[in-house]
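A short worksheet on the structure shown next.
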Amino acid sequence: MHIVREVTDHLYWIGVNDHRLALFENIHPIPEGVSYNSYLLKGEKNVLFDTVDWEACRQMMENIEYVLDGEDLDYIVINHWEPDHAASLQVVLEAYPNAKIIGNQKGFQLAEQFGFKIDEDKKIVVNEGDVVEVGDHSLTFLFMPMVHWPEAMVTLDLTNGALFSADAFGSFKALDGKLFNDEVDYDREWIDENRRYLTNIVGKYGPHIRKILKKAAPLLDQIKFICPLHGLVWRSDFGYLLDKYEHWANYEPEQKGVVICYASMYGNTEQAAQALASKLCELGVENVEVFDVSNTHVSYLISEVFKNSHLVLASCTYNLGIFPVMKNFLEDMKALNVQNREVAVIENGSWAIRSGDLISEFLDDEMKQMTVLNDRITIASHLKEGQEEELDELAKTIKDSLRA
Amino acid sequence: MFRCSEEHEQLRAEIREFAENEIKPYAFQWDRENHFPRDVVEKMARKGWLGIPYPKEYGGMGKDVLSYSIAVEELSRVDGGTGVILSAHVSLGSWPIFAFGTEEQKKKYLTPLAKGEKIGAFGLTEPNAGSDAGGTETTAVLEGDHYILNGEKIFITNGGEADTYVVFAVTTPNIGTKGISAFIVEKGMEGFTIGDHYDKLGIRSSATAQLLFDDVKVPKENLLGKEGEGFKIAMATLDGGRIGIASQALGIAQGAFESAKNYTLDRVQFGKPVAFQQGLSFKLADMATQIRAARMLVYSAAELKEKHEPYGMEAAMAKQYASDTAVKVTEEAIQCYGGNGYLKGMDVERMYRDAKITQIYEGTNEIMRVVISSYLLGKPPKKEKSAGAMPTKAAKNITGPRKKVIYKKGSAQERVDALVENLKADGYDFTVGIAMDTPITKAERVVSAGKGIGPKENMSLIEDLAKACGAAIGSSRPVAETLQYVPIDRYVGMSGQKFNGNLYIACGISGAVQHLKGITNASTIVAINKNPNAPIFKNCDYGIVGDVNEILPLLSKALDTGEKQPAPPMKKIKRATPKKEKPDYTIMVCDGCGYEYDPMVGDEANGIPAGTPFEKLPEDWVCPECSEIKANFEKA
């Protein structure tokens with residue numbers, strides 16, 4: 001049975017929702033699922049834009065067959081060769097051997113590496129800015145290196161204004177029937193999963209996102225639909241989305257807020273985190289969130305850090321080092337280029353308290369523009385009543401720093 | 001050459017007579033009054049001595065380097081200060097134009113210098129660039145037909161008195177000495193001002209001042225040599241300058257020796273002139289020996305230079321030895337005088353003070369040994385590469401990390417309101433206050449006046465503000481010492497009083513290093529100054545760019561709460577952690593793989609040393625991870 005929705009005249013979403021996959025890229029949990037979006041343009045020539053993950057191939061094939069309604073497929077545009085989109089290409093080619101494939105040089109090189117068998121005479125290699133006529137539609141291409149792969153590009157249908165944006169503007173979360181951004185309360189239901197997707201998948205490549213946004217800016221008034229490879233199709237309120245991207249790509253927090261992340265073996269460090277949270281809220285600080293690093297997947301922590309201006313890292317010492325889950329969080333922040341945040345440190349230890357120094361050093365030496373606030377709370381095993389003043393001081397320092 | 005020629009001795013006699021008549025009688029007074037003897041310099045100019053070693057076609061006397069050396073020696077023999085006026089003018093101010101200038105530059109600038117119609121000076125030293133000129137922070141940015149200069153120079157001989165300055169500034173940042181260029185800057189160019197005049201231990205008849213550059217437009221054609229040649233020009237100039245300083249030191253030693261000899265022949269104890277006491281006769285023998293050795297070193301370096309032989313090492317040897325001799329001989333000269341030599345008015349007392357600087361300037365004697373040993377030994381073997389071999393970052397703020405929130409935009413009222421709001425949020429309570437005459441070291445708050453305050457009647461603005469925010473009154477050194485607007489114990493600085501309290505409001509203070517060192521303990525530093533490039537703004541928490549005449553009354557009004565309650569015992573306000581700033585170099589990221597090229601790390605595996613900026617990478621350099629070409633890199 002086909003599951004198809006119309007994007008606009010003659011353009012169909014033929015993607016697939018996936019709720020069975022536990023870990024996206026085999027690393028990020030997706031409790032709300034994900035969609036693999038593929039689009040089919042039906043006209044003088046029939047054009048497929050990207051495909052889906054191998055798991056979702058069967059549904060997509062049924063969708064294609066339904067939309068083509070007996071006609072042949074003329075072109076396949078592959079914007080992004082990552083297997084969650086390109087894996088089903090071989091099956092499509094077997095069913096529609098006449099289709100020509102439009103991609104760029106780097107893309108075809110990856111195709112080769114992944115083992116796709118594509119006849120040379122079926123390849124149409126495009127350069128940036130080329131215009132390719134496909135029947136009554138004209139397509140043009142902008143390259144988007146390192147968002148988040150080197151070959152990635154976007155395709156703009158100059159005829160109907162649909163921008164096939166590859167992983168840009170994509171999101172976790174299955175569509176489950178919805179297709180357009182205006183069919184949901186995006187800021188309530190979607191933005192968190194959108195942020196978690198973007199920051200964890202493309203977070204490192206802020207400079208490259210900025211580059212494509214700059215490149216695309218002159219075309220903005222020609223764009224009527226943004227059709228990403230995951231998540232909803234945008235047909236309104238582009239400003240909202242672009243504003244979010246500006247923040248993420250420039251590593252600017254979306255809001256003033258404090259994310260308290262603790263790594264605690266027996267609850268003593270956790271207690272300090274909770275005590276600080278309570279002090280902050282008492283001072284009227286808004287947007288205070290507390291996370292246990294040991295049982296919160298790091299992708300959620302990364303997302304929170306991108307969103308908020310301030311971070312508190314509370315960690316016990318372990319083997320004379322930083323508690324491993326906290327260390328992993330730090331490494332992940334570094335890998336994803338997290339920068340330009342203000343951080344307070346709480347350390348705990350029972351004989352040699354090392355985690356505070358090590359965390360501060362990591363923030364200073366390994367990451368960019370991470371300001372470590374002067375006040376650090378040091379806990380020898382368990383926070384003492386007499387340390388309340390230190391907590392008050394730290395809470396006040398954080399509050400002052402939020403003001404600046 | 002073991003003896004000077006007739007011609008040289010004739011010149012020496014002529015200058016000695018001039019010095020004895022025109023300088024010696026007044027040297028004590030000039031020393032006491034810090035007086036620059038402009039009339040004497042003009043007389044020397046008329047005699048042609050300000051251009052001794054330059055060709056006649058450029059207005060010089062066409063004499064040799066040795067003649068110049070003798071001239072400096074003879075002037076210094078009676079007054080070390082006058083000696084350095086000539087040395088700085090000839091060796092430092094004029095020579096770089098003679099050696100590196102275009103024909104037009106020589107005609108326009110060297111000729112009046114050599115004729116003595118204009119005085120020259122040389123601006124290299126900065127607060128963070130002393131022996132290490134690579135630390136130069138003054139910048140020159142090319143905009144159209146002009147370079148825009150910003151920054152400061154310190155300890156500049158003839159500063160303020162000179163008309164023509166050879167100034168060094170960075171045209172290509174972050175590549176060290178190769179990014180420095182030389183410029184000819186004229187007195188009176190807009191934005192070029194003279195800052196502090198230094199109150200020195202010796203050579204007090206010479207002028208030494210700070211030079212300030214605030215968006216100074218220097219015509220493109222005033223670039224001396226090519227861009228990036230500044231360091232080379234500076235080093236070559238200093239090589240020659242050392243002959244001048246060595247001559248000065250020699251002259252000081254000679255003068256002190258003669259004075260000591262005459263005195264000891266005159267002074268009788270135990271029935272005979274003390275010169276014939278073995279203790280002193282031996283001293284005189286040693287002094288004369290050292291002076292002769294110094295003279296040989298100096299003259300031979302001068303001769304090498306004249307003959308265009310390599311002379312850098314010999315000039316450094318001469319400068320080092322002659323200056324050490326000057327210090328030793330002047331010290332012994334006082335010893336020969338006994339108690340009388342310890343009194344003001346005695347020439348040996350002045351010479352003793354004058355001598356010391358010769359061991360320090362135009363390269364300290366420690367640097368002289370670096371220079372000499374580098375000639376002897378060549379470059380040291382390359383260091384094993386280590387992770388720690390990164391180029392050092394620019395010097396940190398003198399006052400430590402600061403917030404540096406600067407209000408430039410908006411109306412004066414808006415800027416003042418923003419400042420007051422932040423101060424209150426920081427925990428300052430303006431309903432309480434301390435007495436205006438609270439000692440600086442004990443004061444919780446101080447409102448301080450700098451030279452930018454203007455005429456003395458403007459001190460009422462400072463008093464009003466101090467009253468309105470419940471603070472004591474302080475000042476920069478010149479305001480207390482030179483202008484005498486406030487008593488001397490009110491000046492804040494390394495050499496004055498140190499401020500240990502919470503709030504320091506600097507009004508019209510540009511922020512000389514010694515002043516900033518006096519306020520490092522302040523919890524909050526507020527700067528009000530009309531010059532946005534004043535160093536104080538890099539050292540403050542809050543700054544308002546604006547005229548004190550406009551800002552201070554508004555600020556007073558905003559803080560005025562009527563009669564202040566007495567302040568409770570001071571509680572030190574904690575300093576906020578300032579936000580970590582972006583580094584001033586650019587990291588580039590690869591379009592092919594996301595690899596980041598960090599100039600502080602370089603690409604050792606491919607022979608690119610740490611400290612290489614991206615744009616200096618070879619054209620055929622490719623990404624070490626994915627072989628993407630250089631063009632496909634993006635600013636991170």
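Chain labels A, B, ... are given in the sequence in which chains occur in the structure tokens; within each chain residues are numbered consecutively from 1, and ligands are likewise numbered from 1 in the order shown.
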
TODO: Give the residues of chain A that lie within 6 Å of chain B; count only C-alpha atoms, and format the answer as a PyMOL selection string.
DONE: chain A and resi 145-146+150+207+369+371+373-374

- [ ] Please return as a PyMOL selection string: the residues of range 3-167 of chain B that backbone DSSP assigns to strand (DSSP E or B).
- [x] chain B and resi 120-123+126+129+139-143+146-157+164-167

Open item on the list: Between A:Ala95, A:Ala152, A:Ala217, A:Val131, which residue has the minimum interatomic distance to Leu229 in chain A, considering only C-alpha atoms?
Closed with: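 The shortest atom-to-atom distance to Leu229 in chain A comes from A:Ala152.
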
Open item on the list: Please list as a count of residues only every residue within 12 Å of range 103-108 of chain A, counting only C-alpha atoms and excluding residues in the same chain fewer than 3 positions away.
Closed with: 50

Task: Selected residue of minimal separation from Gly176 in chain B among B:Gln210, B:Gln254, B:Gln269, B:Thr612, counting only C-alpha atoms - done: B:Thr612

Within 6 Å of range 118-126 of chain B using only C-alpha atoms, minus same-chain residues under 3 positions, as a PDB file with C-alpha atoms, in the first residue's frame:
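Generated output (out30.pdb):
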ATOM      1  CA  HIS B  89      69.254  63.178  16.122  1.00  0.00           C
ATOM      2  CA  LEU B  92      68.507  57.436  15.055  1.00  0.00           C
ATOM      3  CA  GLY B  93      66.394  60.195  13.582  1.00  0.00           C
ATOM      4  CA  PRO B 112      66.455  69.851   6.911  1.00  0.00           C
ATOM      5  CA  LEU B 113      67.616  67.345   9.543  1.00  0.00           C
ATOM      6  CA  ALA B 129      58.424  45.782  23.105  1.00  0.00           C
ATOM      7  CA  GLY B 130      61.683  46.649  24.822  1.00  0.00           C
ATOM      8  CA  LYS B 153      55.869  54.584  21.955  1.00  0.00           C
ATOM      9  CA  ILE B 154      57.727  55.141  25.181  1.00  0.00           C
ATOM     10  CA  ASN B 158      64.067  64.060  21.671  1.00  0.00           C
ATOM     11  CA  ALA B 162      61.815  66.667  17.475  1.00  0.00           C
ATOM     12  CA  ASP B 163      60.009  67.516  14.230  1.00  0.00           C
ATOM     13  CA  THR B 164      60.652  64.295  12.308  1.00  0.00           C
ATOM     14  CA  TYR B 165      60.110  60.835  13.762  1.00  0.00           C
ATOM     15  CA  VAL B 166      61.000  57.459  12.334  1.00  0.00           C
ATOM     16  CA  VAL B 167      58.295  55.242  13.808  1.00  0.00           C
ATOM     17  CA  PHE B 168      57.899  51.475  13.677  1.00  0.00           C
TER      18      PHE B 168
END

Open item on the list: For a quick check of understanding, using only C-alpha atoms, which of A:His85, A:His382, A:Arg210, A:His28 has the smallest distance to Cys57 in chain A?
Closed with: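 That would be A:His85, the residue with the smallest distance to Cys57 in chain A.
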
Open item on the list: Can you tell me, as a ChimeraX atom specification, which residues in range 76-217 of chain B count as helix (DSSP H, G or I) by DSSP?
Closed with: /B:76-78,80-100,103-115,133-135,176-179

- [ ] Using CA of Asp53 in chain A and CA of Cys227 in chain A as the two end points, give the distance in Å to one decimal.
- [x]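 Here the two named atoms are 16.9 Å from each other.
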
TODO: Extract, using only C-alpha atoms, all DNA, RNA and protein residues at most 12 Å from Gln29 in chain B, discarding same-chain residues fewer than 5 positions from it, and format them as a ChimeraX atom specification.
DONE: /B:23-24,34-37,79,204-205,344-347,350

Can you write out the residues you just picked, keeping C-alpha atoms, as a tab-separated table (two decimals), in the first residue's frame?
chain	number	residue	atom	x	y	z
B	23	ILE	CA	77.26	74.17	27.87
B	24	LYS	CA	79.42	73.53	30.89
B	34	ASN	CA	65.04	69.30	33.27
B	35	HIS	CA	65.73	71.96	30.65
B	36	PHE	CA	66.16	71.14	26.98
B	37	PRO	CA	68.80	73.61	25.68
B	79	ASP	CA	77.00	67.17	29.60
B	204	ARG	CA	68.07	65.48	32.29
B	205	SER	CA	68.89	68.17	29.73
B	344	LYS	CA	74.50	68.46	44.16
B	345	GLY	CA	76.28	70.96	41.97
B	346	MET	CA	79.39	68.82	41.64
B	347	ASP	CA	79.77	67.71	38.03
B	350	ARG	CA	75.64	64.52	37.72

Distance query range 233-236 of chain B at most 9 Å, only C-alpha atoms, self and fewer than 2 positions along chain excluded, as a short mmCIF file (atom, residue, chain, number, x, y, z; two decimals) with N, CA and C atoms, in the first residue's frame:
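Output below, filename result-v2.cif:
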data_model
loop_
_atom_site.label_atom_id
_atom_site.label_comp_id
_atom_site.auth_asym_id
_atom_site.auth_seq_id
_atom_site.Cartn_x
_atom_site.Cartn_y
_atom_site.Cartn_z
N LEU B 92 69.81 58.11 15.03
CA LEU B 92 68.51 57.44 15.06
C LEU B 92 67.47 58.15 14.20
N PRO B 96 68.33 56.42 9.40
CA PRO B 96 67.47 55.50 8.64
C PRO B 96 66.94 56.14 7.35
N ALA B 99 69.88 56.08 4.94
CA ALA B 99 70.24 54.75 4.46
C ALA B 99 69.13 54.06 3.69
N PHE B 100 67.88 54.31 4.04
CA PHE B 100 66.77 53.55 3.45
C PHE B 100 65.77 54.43 2.72
N LEU B 124 60.79 53.31 18.53
CA LEU B 124 60.70 51.86 18.43
C LEU B 124 60.11 51.26 19.72
N PHE B 168 58.07 52.86 14.10
CA PHE B 168 57.90 51.47 13.68
C PHE B 168 56.52 50.96 14.08
N SER B 181 56.94 47.60 9.90
CA SER B 181 57.38 48.53 8.86
C SER B 181 57.77 49.86 9.50
N ALA B 182 58.57 50.65 8.77
CA ALA B 182 59.04 51.94 9.30
C ALA B 182 58.34 53.07 8.56
N LEU B 224 59.03 54.00 4.96
CA LEU B 224 60.48 53.98 4.77
C LEU B 224 60.88 52.56 4.40
N GLY B 225 61.55 52.42 3.27
CA GLY B 225 61.85 51.07 2.79
C GLY B 225 60.55 50.43 2.35
N GLU B 229 60.04 45.67 6.18
CA GLU B 229 61.48 45.87 6.37
C GLU B 229 61.80 46.63 7.66
N GLY B 230 60.76 46.94 8.42
CA GLY B 230 60.96 47.79 9.59
C GLY B 230 61.97 47.25 10.58
N PHE B 231 61.86 45.96 10.85
CA PHE B 231 62.76 45.38 11.85
C PHE B 231 64.21 45.46 11.38
N LEU B 238 70.16 50.78 14.88
CA LEU B 238 70.70 50.65 16.24
C LEU B 238 72.17 50.26 16.22
N ASP B 239 72.58 49.48 15.24
CA ASP B 239 74.01 49.15 15.11
C ASP B 239 74.84 50.43 15.09
N GLY B 240 74.41 51.36 14.24
CA GLY B 240 75.13 52.62 14.12
C GLY B 240 74.95 53.48 15.35
N GLY B 241 73.70 53.46 15.88
CA GLY B 241 73.40 54.26 17.06
C GLY B 241 74.30 53.92 18.23
N GLY B 312 78.85 45.67 13.12
CA GLY B 312 77.81 45.45 14.12
C GLY B 312 78.37 44.92 15.42
#
